Each structure stands twice: as C-alpha cells, then as structure tokens.
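Read the structure below first, then the notes.
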Amino acid sequence: MNNTDSKILRIAVPSIISNVTVPLLGIVDMAIAGHMGDAVYIAAVAVGSMIFNVIYWLCGFLRMGTSGMTSQALGRRDLKGVAMIMARGMSVALAIASAILVMQLPIGRLAIWMVGAEDSVSHMAWRYFCICVWGAPAMLSLYALTGWYVGMQNTRLPMMISIMQNVVNIIASFTFVYVFGMKVEGVAMGTVVAQYAGIIVSAWLWTRTYGARLFHRICWREIMEADALKRFFAVNRDIFLRTLFLVAVNFFFLSAGASYGAVVLAVNTLLMQLFTLFSYVMDGFAYAGEALCGRLYGAGNKAEFSRTIGRLFRWGIALSAVYTAVYAFGGEGFLSLLTDDAKVVGASSSYLLWAAAIPFCGMAAFVWDGVFIGVTATRGMLLSSAIAAISFFLVYALLHTTLQNHALWLAFLVFLAMRGGVQSFLYRKLRVVAS
C-alpha cells in the first residue's frame, strides 16, 4: 500500500459498495421471479431488464463523458466548468428521457420482437416494459449525476444513494408481489419506485453538498448553447458508438440464448449475474481510473498518471484471482439462492466453468475503460469494442452448430479478452495523448 493505493481505494471502495448494490436491484428481481413457480417469469424479467439495459447503455455517455470532463475541469480548478458540465448533463438526460417516453410503444414492440422469445415470455416482458419505461427520467438523470460525482472524486454520495435504492426496491417489490399478489408487474413497480427515490435523494444531497458553491456559477443561457453542446457531444460520440457494439453483443447473447428455450435463457440469465457482480466491482476501480487519471491529466501530472495505471492493474489482477476461485467452487450454491427450479440449477452446472473464466478474461477491459474515459481518449474504446464485437460474432458463427450454447459463452469470453487486449496495444498511443 502506498499513497497512490490510498487515493485509489478512497474512490474505489465506495464505488464498489455502490456498484455491488446496483446489480442487487436485478438480483432481487430475479430472486423474486425465480420463486414464482415457473421459468417463464425469470425469462420475462430477463427480457424486460435487457431491453432497459440496452436503452440505458446507449445513454451511458451521460455518465462516462460527464465523469471525464468533470475530473479534467476539476484538475484545472475550473469551477464554472464543473457546474456547467453538471447542468448540461442533466438537461440532456431529461431531453432523452422525454423522447423515450414519447416513443415507448414502438421502442418496446421492436425490442421484444428482436429478442424473439416464446409468446408467453414476450407477453410477460411487455407488461414489465410498460411499467418500467416510466423510470427513464429518473434513471438517466441519475446517470448524469453519478458521473458528475465520480468526476468530483466523491463516490460516497453515489454509494449512499445506491444503498437507499436497494432498500426501497426490496421493500417495494416484496410488498407489490407478496402483499398485493402481483407478478412481474410488482417487480417492475418496485424498480420504478426505487429509481425515483434515488434521483430525489441524489438531487437533495447535491443541493446540500455543492449547491452553495456551484449553483450561482451555472449560466442557464449557456446550457443549450450550440458550441457548448457540440463540444459535449463530440466527447461522447465515440462512447455512444462504442456502446452500440457492446449492446449488440449483449442483446445477441440474450436473443441467441432465447432460441434454445426458456430453460437455457433462464440459465444464461442467472449465470450472467456472476458477470454482473464482477463487472460492478471492477467498475469501482474503473471509476477510480476515471476520476484520478482525468484529474491528473487536467493538472498535467504525467508521472503520477502512469503510476496510477500500474497500481490499478495490480488491484485488478488480485481481484480476478479471488473471483475466479469463488465462482469455481461456490457458483452452483449461489445459483440455488436465486431460484428453486431444479431444472434450471441442474442445467447450469455444465456452464459454470465459462462463468469462472470471466474475471481474468474481462479485467483489463474494465481498467482501461476507466483510464481512457478519464482522459477522454474515447477513440481507443471505440476501436477495441468494434474489434471485440466482430470477434464475438465470428466465433459464434463458426461454432454454434456444434457447441450451441457453449459457443455463445466461448464467444462472450473472447469478446471480453479482445477488448482488453486491443486497449493494451493502444496504450502506447494513449501515452502520447496523455503527455
């Protein structure tokens, strides 16, 4: 442990706690659906959740771009810039959310049709979608505010908000399902209630923590200024395009799994919770990379910039070793907590080794994403994601006729490894940009 490690952990640990609670929202939903007595409910929540993951992933630039720009402005000690980035991010988030609500019917129908699940699953997924779509304004606003908090090197507030959201989600979902006798509609309503509770508390905490210092620095006439918006979207363009490749892979993963039937779809969904848990823990260190590398880049401190990257990778390797061991020896027991469907648990045993390989295949991509976002060198993220996505589809196309669902998991691991590998290759170029 040294001073750099301390700085990393001050940002990473609250982020890890916060990020672990984010997939818990999905895990609670899956656990409730898993005890409704039919794999169709698990599959319906999986399809509905994936649709919103696609929508929100496409808007991920609201968090990532805001984080990098904010940390750089903080490194330059530009307080007006810090305030304007927050206001502009929130304004764009609400504008996008309004468009989603207006277009909810074609968006939902198209997405469910593209998944191509069984009719019973599609029907339940549509009922889930029609409720959860009303949480879009809260979720996208939370994206922008969370990115801003990370850029300000403050991950404690997002941690408090995430914990509160999960408490609300658990209470609300159990109430709707077990008290009022609702099914997937109760799961969806619990999620929406938690989302709005999160944005209300987040806005209140921002006012108490930063309002006195920053609110008067916001020039409302400049929020939608053409040149400012052009700069805002220029930074986020590559993030958006990169997200399209990630969305394509994840959406195809769900769709291809659905083609093998409801049981395999349920198995893939539950196993992906293992990836989700790892990804959100690693994202804690990625957030540290965004905040610290962005601020060091803004301040022009090249030596500490390189030192921080090295320490981030040491933490990533250690975490990957721990997660691999846990998944290899305790994966089946974890799945049994999520569902009591013996058919689903039994079918998942042959795929657990793929899930155990996720940490080492995916670690580098998470660390590099944080560094690249912090310095807004987003073209490298786009290039690595494009190459990795092409590799994913090639592997599956070549092997799916013989390996079937195993080919899907192998292709996914290749996708993760390629993202990190290409970004590592591009690090030399990144060093030129950072200098």
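For the structure tokens, the naming scheme is as follows: chains receive sequential letters (A, B, ...) according to their order of presentation, residues are indexed from 1 within each chain, and ligands are indexed from 1 in presentation order.
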**Report entry** All residues 9 Å or closer to Leu408 (chain A), only C-alpha atoms, same chain fewer than 5 positions away omitted, as number ranges by chain
**Finding:** A: 253, 256-257, 392, 395-396, 399-400, 403, 413
Hey, can you spit out that residue selection with N, CA, C and O atoms as a JSON list (two decimals), in the first residue's frame?
[["chain", "number", "residue", "atom", "x", "y", "z"],
["A", 253, "PHE", "N", -26.51, -12.01, -27.27],
["A", 253, "PHE", "CA", -26.31, -13.06, -26.27],
["A", 253, "PHE", "C", -27.66, -13.49, -25.69],
["A", 253, "PHE", "O", -27.96, -14.68, -25.56],
["A", 256, "ALA", "N", -29.85, -15.12, -28.69],
["A", 256, "ALA", "CA", -29.39, -16.46, -29.04],
["A", 256, "ALA", "C", -29.72, -17.46, -27.95],
["A", 256, "ALA", "O", -30.11, -18.60, -28.22],
["A", 257, "GLY", "N", -29.58, -17.05, -26.69],
["A", 257, "GLY", "CA", -29.95, -17.92, -25.59],
["A", 257, "GLY", "C", -31.44, -18.24, -25.60],
["A", 257, "GLY", "O", -31.85, -19.38, -25.33],
["A", 392, "PHE", "N", -16.51, -11.70, -31.50],
["A", 392, "PHE", "CA", -17.61, -12.42, -30.86],
["A", 392, "PHE", "C", -18.51, -13.09, -31.90],
["A", 392, "PHE", "O", -18.80, -14.29, -31.81],
["A", 395, "VAL", "N", -16.72, -16.03, -33.83],
["A", 395, "VAL", "CA", -16.58, -17.26, -33.05],
["A", 395, "VAL", "C", -17.91, -17.99, -32.95],
["A", 395, "VAL", "O", -17.99, -19.21, -33.14],
["A", 396, "TYR", "N", -18.97, -17.25, -32.66],
["A", 396, "TYR", "CA", -20.27, -17.91, -32.54],
["A", 396, "TYR", "C", -20.74, -18.48, -33.87],
["A", 396, "TYR", "O", -21.27, -19.61, -33.92],
["A", 399, "LEU", "N", -18.92, -21.81, -34.56],
["A", 399, "LEU", "CA", -19.00, -22.93, -33.63],
["A", 399, "LEU", "C", -20.41, -23.27, -33.13],
["A", 399, "LEU", "O", -20.59, -24.29, -32.47],
["A", 400, "HIS", "N", -21.40, -22.42, -33.41],
["A", 400, "HIS", "CA", -22.69, -22.63, -32.75],
["A", 400, "HIS", "C", -23.41, -23.91, -33.19],
["A", 400, "HIS", "O", -24.19, -24.48, -32.44],
["A", 403, "LEU", "N", -21.38, -26.57, -30.90],
["A", 403, "LEU", "CA", -21.30, -26.31, -29.46],
["A", 403, "LEU", "C", -22.56, -25.69, -28.89],
["A", 403, "LEU", "O", -22.72, -25.63, -27.66],
["A", 413, "LEU", "N", -16.52, -14.76, -23.90],
["A", 413, "LEU", "CA", -15.21, -14.64, -23.25],
["A", 413, "LEU", "C", -14.16, -14.07, -24.21],
["A", 413, "LEU", "O", -13.30, -13.28, -23.81]]
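Of the listed residues (A:Tyr260, A:Trp134, A:Trp409, A:Phe305), A:Trp134 comes nearest to Ala99 (chain A); the distances count only C-alpha atoms.
Between CA of Val344 (chain A) and CA of Ile170 (chain A) lies a distance of 23.7 Å.
For the atom pair formed by CA of Asn405 (chain A) and CA of Val263 (chain A), the distance is 11.7 Å, given to one decimal.
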Query raised in the report: Per DSSP on the backbone, what are the helix (DSSP H, G or I) residues of region 139-187 of chain A, as a PyMOL selection string?
Result: chain A and resi 139-151+156-179+184-187
Query raised in the report: Quick one: residues within 10 Å of region 78-82 of chain A, only C-alpha atoms counted, chain neighbours fewer than 2 positions away excluded, as a ChimeraX atom specification?
Result: /A:66,69-76,84-87,148,151-152,213-219
Requested in this report: Rounded to one decimal place, report the CA of Ile16 (chain A)-CA of Trp206 (chain A) distance in Å.
Outcome: 20.6 Å
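Excluding Ser202 (chain A) itself and same-chain residues fewer than 3 positions from it, the residues having an atom within 9 Å of it are Leu142, Leu145, Thr146, Leu157, Pro158, Ile161, Ala197, Gly198, Ile199, Leu205, Trp206 and Thr207 of chain A, counting only C-alpha atoms.
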With N, CA, C and O atoms retained, write the just-selected residues as a PDB file, in the first residue's frame.
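Below you can see result_6.pdb, which holds the result:
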ATOM      1  N   LEU A 142     -29.986  10.136 -12.990  1.00  0.00           N
ATOM      2  CA  LEU A 142     -29.022   9.522 -12.072  1.00  0.00           C
ATOM      3  C   LEU A 142     -27.704   9.221 -12.774  1.00  0.00           C
ATOM      4  O   LEU A 142     -26.629   9.345 -12.167  1.00  0.00           O
ATOM      5  N   LEU A 145     -25.804  12.571 -12.905  1.00  0.00           N
ATOM      6  CA  LEU A 145     -25.342  12.994 -11.585  1.00  0.00           C
ATOM      7  C   LEU A 145     -24.259  12.063 -11.040  1.00  0.00           C
ATOM      8  O   LEU A 145     -23.286  12.520 -10.431  1.00  0.00           O
ATOM      9  N   THR A 146     -24.400  10.774 -11.273  1.00  0.00           N
ATOM     10  CA  THR A 146     -23.382   9.831 -10.790  1.00  0.00           C
ATOM     11  C   THR A 146     -22.045  10.085 -11.472  1.00  0.00           C
ATOM     12  O   THR A 146     -20.989  10.081 -10.818  1.00  0.00           O
ATOM     13  N   LEU A 157     -21.349   9.743  -2.012  1.00  0.00           N
ATOM     14  CA  LEU A 157     -22.759  10.071  -2.221  1.00  0.00           C
ATOM     15  C   LEU A 157     -23.454   9.047  -3.124  1.00  0.00           C
ATOM     16  O   LEU A 157     -24.552   8.584  -2.793  1.00  0.00           O
ATOM     17  N   PRO A 158     -22.863   8.650  -4.274  1.00  0.00           N
ATOM     18  CA  PRO A 158     -23.496   7.577  -5.053  1.00  0.00           C
ATOM     19  C   PRO A 158     -23.659   6.282  -4.261  1.00  0.00           C
ATOM     20  O   PRO A 158     -24.634   5.554  -4.456  1.00  0.00           O
ATOM     21  N   ILE A 161     -26.717   6.652  -2.079  1.00  0.00           N
ATOM     22  CA  ILE A 161     -27.925   6.623  -2.906  1.00  0.00           C
ATOM     23  C   ILE A 161     -28.240   5.199  -3.348  1.00  0.00           C
ATOM     24  O   ILE A 161     -29.401   4.762  -3.313  1.00  0.00           O
ATOM     25  N   ALA A 197     -36.936   7.277  -6.037  1.00  0.00           N
ATOM     26  CA  ALA A 197     -36.384   7.567  -4.717  1.00  0.00           C
ATOM     27  C   ALA A 197     -34.911   7.953  -4.833  1.00  0.00           C
ATOM     28  O   ALA A 197     -34.429   8.871  -4.150  1.00  0.00           O
ATOM     29  N   GLY A 198     -34.183   7.277  -5.744  1.00  0.00           N
ATOM     30  CA  GLY A 198     -32.765   7.563  -5.934  1.00  0.00           C
ATOM     31  C   GLY A 198     -32.509   8.961  -6.458  1.00  0.00           C
ATOM     32  O   GLY A 198     -31.640   9.676  -5.945  1.00  0.00           O
ATOM     33  N   ILE A 199     -33.243   9.413  -7.472  1.00  0.00           N
ATOM     34  CA  ILE A 199     -32.970  10.735  -8.034  1.00  0.00           C
ATOM     35  C   ILE A 199     -33.399  11.845  -7.084  1.00  0.00           C
ATOM     36  O   ILE A 199     -32.756  12.894  -7.004  1.00  0.00           O
ATOM     37  N   LEU A 205     -29.059  15.706  -1.941  1.00  0.00           N
ATOM     38  CA  LEU A 205     -27.683  15.675  -1.453  1.00  0.00           C
ATOM     39  C   LEU A 205     -26.794  16.639  -2.231  1.00  0.00           C
ATOM     40  O   LEU A 205     -25.895  17.268  -1.654  1.00  0.00           O
ATOM     41  N   TRP A 206     -27.020  16.774  -3.550  1.00  0.00           N
ATOM     42  CA  TRP A 206     -26.238  17.727  -4.328  1.00  0.00           C
ATOM     43  C   TRP A 206     -26.465  19.151  -3.819  1.00  0.00           C
ATOM     44  O   TRP A 206     -25.514  19.930  -3.678  1.00  0.00           O
ATOM     45  N   THR A 207     -27.710  19.478  -3.544  1.00  0.00           N
ATOM     46  CA  THR A 207     -28.028  20.825  -3.061  1.00  0.00           C
ATOM     47  C   THR A 207     -27.347  21.109  -1.733  1.00  0.00           C
ATOM     48  O   THR A 207     -26.774  22.186  -1.526  1.00  0.00           O
TER      49      THR A 207
END
